[in-house]
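Enquirer: Here's a structure for you.
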Amino acid sequence: MKETKFEECCVVSENKMLSVEELLEVSQSNKAYFTTIKDSLACPECRAASLTFRPNAKTPHLSTKKHSIHVENCYYAFEPATKKQLQEYRDNPENHESIARKLNSCLDSLVAKSAPNVIRNTEQSTAKGMTESYLISSEKASKAVPRKRITAIFYDEDYEIPKLFYGRVIAEWDTKNDRPRLKIYSVQNKYICSVWMSKTVYDYTESHLKFKSKKECSVAFFTEMKLSNNFKNATIKHSAELIIRIEDM
């Protein structure tokens with residue numbers, strides 16, 4: 001199985017979550033503190049598998065330590081679905097409700113992770129229902145649908161393959177052309193990407209989500225991200241592939 005690059009980890013000794021970006025900052029600005037936690041990094045889902053931080057890699061990331069094992073029902077214990085499997089899953093109209101559920105699960109995870117000093121225990125984080133919400137069935141075994149926090153560092157493998165992209169962002173609509181798009185920025189107002197769609201898909205968006213100016217929100221979408229001239233662009237084919245939530249940030 002190809003090495004999984006984690007975007008965040010659980011610092012078991014302190015019962016808190018840290019992202020790759022936060023770890024990178026700590027490893028550079030507070031080396032003494034980083035030394036105290038570097039052997040306490042674990043899988044953000046099951047906390048059973050130990051992780052190692054690779055700050056000097058081409059793209060800094062977390063990976064599972066050699067011989068360290070995720071618990072049976074952990075999301076990261078499942079092999080990722082192939083590009084072909086993901087495209088077939090996406091193109092099947094019968095899967096629209098399933099896709100929407102997965103996107104909502106991604107946004108639910110943002111709410112759970114925002115609670116200060118609250119880390120799910122192993123039994124909770126590996127609950128069968130939670131794990132299955134991110135799986136699709138194949139002929140031989142269930143496969144994991146890849147997830148990507150859109151505010152995190154992007155790797156080469158994050159492009160040109162269907163993924164569940166999600167995050168807390170600032171967004172604004174651009175409807176000047178025949179193809180409307182949702183422009184997405186970080187909460188620091190740095191441009192990230194655009195999500196394009198047909199006018200028909202846009203018309204299915206609920207009216208209260210068609211905000212007239214930049215708005216803080218949570219967003220999730222299922223599609224392929226493409227990189228062209230250093231700009232990230234994605235296109236959704238159906239309204240079920242995009243979920244927007246406006247809530248207290």
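Ligands are numbered from 1 in the order shown, chains are lettered A, B, ... in the order of the structure tokens, and residues start at 1 in each chain.
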Neighbouring residues of range 13-28 of chain A were defined as those with any atom within 6 Å, considering only C-alpha atoms; residues of the same chain fewer than 4 positions away were excluded. Please report them as a count of residues only.

Expert: 6

Enquirer: Using only C-alpha atoms, which residues sit within 8 Å of Val71 in chain A once same-chain residues fewer than 4 positions away are excluded, as a list of chain:residue names?

Expert: A:Cys46, A:Ala48, A:Ala49, A:Ala77, A:Thr126

Enquirer: Mind checking which residues fall within 6 Å of Lys5 in chain A, counting only C-alpha atoms, ignoring those fewer than 2 positions away in the same chain, and posting them as a compact mmCIF listing (two decimals) with N, CA and C atoms, in the first residue's frame?

Expert:
```txt
# COMPACT_ATOMS: atom_id res chain seq x y z
N HIS A 61 5.23 16.30 5.89
CA HIS A 61 4.05 15.47 6.15
C HIS A 61 4.28 14.53 7.32
N LEU A 62 3.19 13.92 7.74
CA LEU A 62 3.20 12.88 8.76
C LEU A 62 2.96 11.55 8.08
N SER A 63 3.63 10.51 8.56
CA SER A 63 3.40 9.16 8.02
C SER A 63 3.44 8.15 9.16
```

Enquirer: Lys148 in chain A: which residues within 7 Å, counting only C-alpha atoms, same-chain residues fewer than 6 positions away excluded, as a PyMOL selection string?

Expert: chain A and resi 163-166

Enquirer: Can you write out the residues you just picked, keeping N, CA and C atoms, as a short mmCIF file (atom, residue, chain, number, x, y, z; two decimals), in the first residue's frame?

Expert:
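What follows is the written file out.cif:
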```
data_model
loop_
_atom_site.label_atom_id
_atom_site.label_comp_id
_atom_site.auth_asym_id
_atom_site.auth_seq_id
_atom_site.Cartn_x
_atom_site.Cartn_y
_atom_site.Cartn_z
N LYS A 163 -11.71 13.32 -4.91
CA LYS A 163 -11.50 13.33 -3.46
C LYS A 163 -12.61 14.12 -2.79
N LEU A 164 -12.75 13.89 -1.49
CA LEU A 164 -13.65 14.68 -0.66
C LEU A 164 -12.84 15.86 -0.12
N PHE A 165 -13.02 17.02 -0.72
CA PHE A 165 -12.32 18.22 -0.27
C PHE A 165 -13.23 18.97 0.71
N TYR A 166 -12.64 19.49 1.78
CA TYR A 166 -13.47 20.15 2.79
C TYR A 166 -12.63 21.11 3.63
#
```

Enquirer: Can you tell me, as a PyMOL selection string, which residues in range 22-54 of chain A count as strand (DSSP E or B) by DSSP?

Expert: chain A and resi 41-42+50-54

Enquirer: Please report the interatomic distance between CA of Phe222 in chain A and CA of Arg54 in chain A in Å with one decimal.

Expert: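 Computing it gives 28.3 Å between the two atoms.
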
Enquirer: Taking only range 14-232 of chain A into account, list the residues labelled alpha helix (DSSP H) by DSSP (computed from the backbone), as a VMD selection string.

Expert: chain A and resid 20 to 29 31 to 37 83 to 91 96 to 114 122 to 125 128 to 132 199 to 203

Enquirer: Please save C-alpha atoms of the selected residues as an mmCIF file, in the first residue's frame.

Expert:
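Writing the result to selection_36.cif gives the following:
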```cif
data_model
loop_
_atom_site.group_PDB
_atom_site.id
_atom_site.type_symbol
_atom_site.label_atom_id
_atom_site.label_comp_id
_atom_site.auth_asym_id
_atom_site.auth_seq_id
_atom_site.Cartn_x
_atom_site.Cartn_y
_atom_site.Cartn_z
ATOM 1 C CA VAL A 20 1.228 19.596 9.694
ATOM 2 C CA GLU A 21 1.456 23.374 9.420
ATOM 3 C CA GLU A 22 1.391 23.749 13.211
ATOM 4 C CA LEU A 23 4.001 21.018 13.654
ATOM 5 C CA LEU A 24 6.246 22.645 11.089
ATOM 6 C CA GLU A 25 6.044 25.971 12.892
ATOM 7 C CA VAL A 26 6.747 24.338 16.270
ATOM 8 C CA SER A 27 9.681 22.310 14.918
ATOM 9 C CA GLN A 28 11.298 25.530 13.712
ATOM 10 C CA SER A 29 10.380 28.022 16.433
ATOM 11 C CA LYS A 31 12.646 22.927 19.095
ATOM 12 C CA ALA A 32 12.713 22.081 22.804
ATOM 13 C CA TYR A 33 8.944 21.671 22.896
ATOM 14 C CA PHE A 34 8.922 19.742 19.630
ATOM 15 C CA THR A 35 11.435 17.280 21.113
ATOM 16 C CA THR A 36 9.042 16.578 23.996
ATOM 17 C CA ILE A 37 6.106 15.719 21.703
ATOM 18 C CA LYS A 83 -8.995 6.565 -9.569
ATOM 19 C CA LYS A 84 -11.108 4.298 -11.780
ATOM 20 C CA GLN A 85 -13.215 3.102 -8.826
ATOM 21 C CA LEU A 86 -13.740 6.688 -7.656
ATOM 22 C CA GLN A 87 -14.726 7.894 -11.126
ATOM 23 C CA GLU A 88 -17.216 5.054 -11.529
ATOM 24 C CA TYR A 89 -18.644 5.783 -8.088
ATOM 25 C CA ARG A 90 -18.978 9.475 -8.889
ATOM 26 C CA ASP A 91 -20.557 8.919 -12.318
ATOM 27 C CA HIS A 96 -25.665 11.041 -5.198
ATOM 28 C CA GLU A 97 -27.175 10.565 -1.739
ATOM 29 C CA SER A 98 -24.141 8.569 -0.639
ATOM 30 C CA ILE A 99 -21.824 11.341 -1.839
ATOM 31 C CA ALA A 100 -23.838 13.968 0.055
ATOM 32 C CA ARG A 101 -23.615 11.878 3.242
ATOM 33 C CA LYS A 102 -19.843 11.637 2.900
ATOM 34 C CA LEU A 103 -19.533 15.372 2.398
ATOM 35 C CA ASN A 104 -21.702 16.039 5.442
ATOM 36 C CA SER A 105 -19.543 13.634 7.470
ATOM 37 C CA CYS A 106 -16.487 15.676 6.485
ATOM 38 C CA LEU A 107 -18.139 18.859 7.723
ATOM 39 C CA ASP A 108 -19.282 17.124 10.900
ATOM 40 C CA SER A 109 -15.645 16.200 11.561
ATOM 41 C CA LEU A 110 -14.709 19.888 11.471
ATOM 42 C CA VAL A 111 -17.209 20.586 14.231
ATOM 43 C CA ALA A 112 -15.882 17.704 16.337
ATOM 44 C CA LYS A 113 -12.262 18.795 15.940
ATOM 45 C CA SER A 114 -13.058 22.399 16.862
ATOM 46 C CA THR A 122 -10.207 4.705 20.384
ATOM 47 C CA GLU A 123 -13.594 3.030 20.688
ATOM 48 C CA GLN A 124 -15.424 6.167 19.563
ATOM 49 C CA SER A 125 -13.094 7.078 16.720
ATOM 50 C CA LYS A 128 -18.127 1.134 12.480
ATOM 51 C CA GLY A 129 -20.705 3.668 11.377
ATOM 52 C CA MET A 130 -18.208 6.503 11.265
ATOM 53 C CA THR A 131 -15.653 4.568 9.266
ATOM 54 C CA GLU A 132 -18.192 3.188 6.808
ATOM 55 C CA LYS A 199 -25.923 27.239 -14.408
ATOM 56 C CA THR A 200 -28.330 24.346 -13.812
ATOM 57 C CA VAL A 201 -26.290 23.041 -10.879
ATOM 58 C CA TYR A 202 -25.988 26.563 -9.453
ATOM 59 C CA ASP A 203 -29.762 27.025 -9.669
#
```

Enquirer: Go through A:Glu3, A:Asp156, A:Glu79, A:Glu72 and flag the residue nearest Ile136 in chain A, using only C-alpha atoms for the distances.

Expert: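 Result for the nearest residue to Ile136 in chain A: A:Glu79.
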
Enquirer: Using Å and a single decimal, report how far CA of Lys226 in chain A sits from CA of Arg168 in chain A.

Expert: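 About the pair CA of Arg168 in chain A and CA of Lys226 in chain A: they are 20.4 Å apart.
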
Enquirer: Hey, which of A:Glu160, A:Thr223, A:Gln188, A:Lys38 ends up closest to Pro55 in chain A? Count only C-alpha atoms.

Expert: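 The shortest atom-to-atom distance to Pro55 in chain A comes from A:Lys38.
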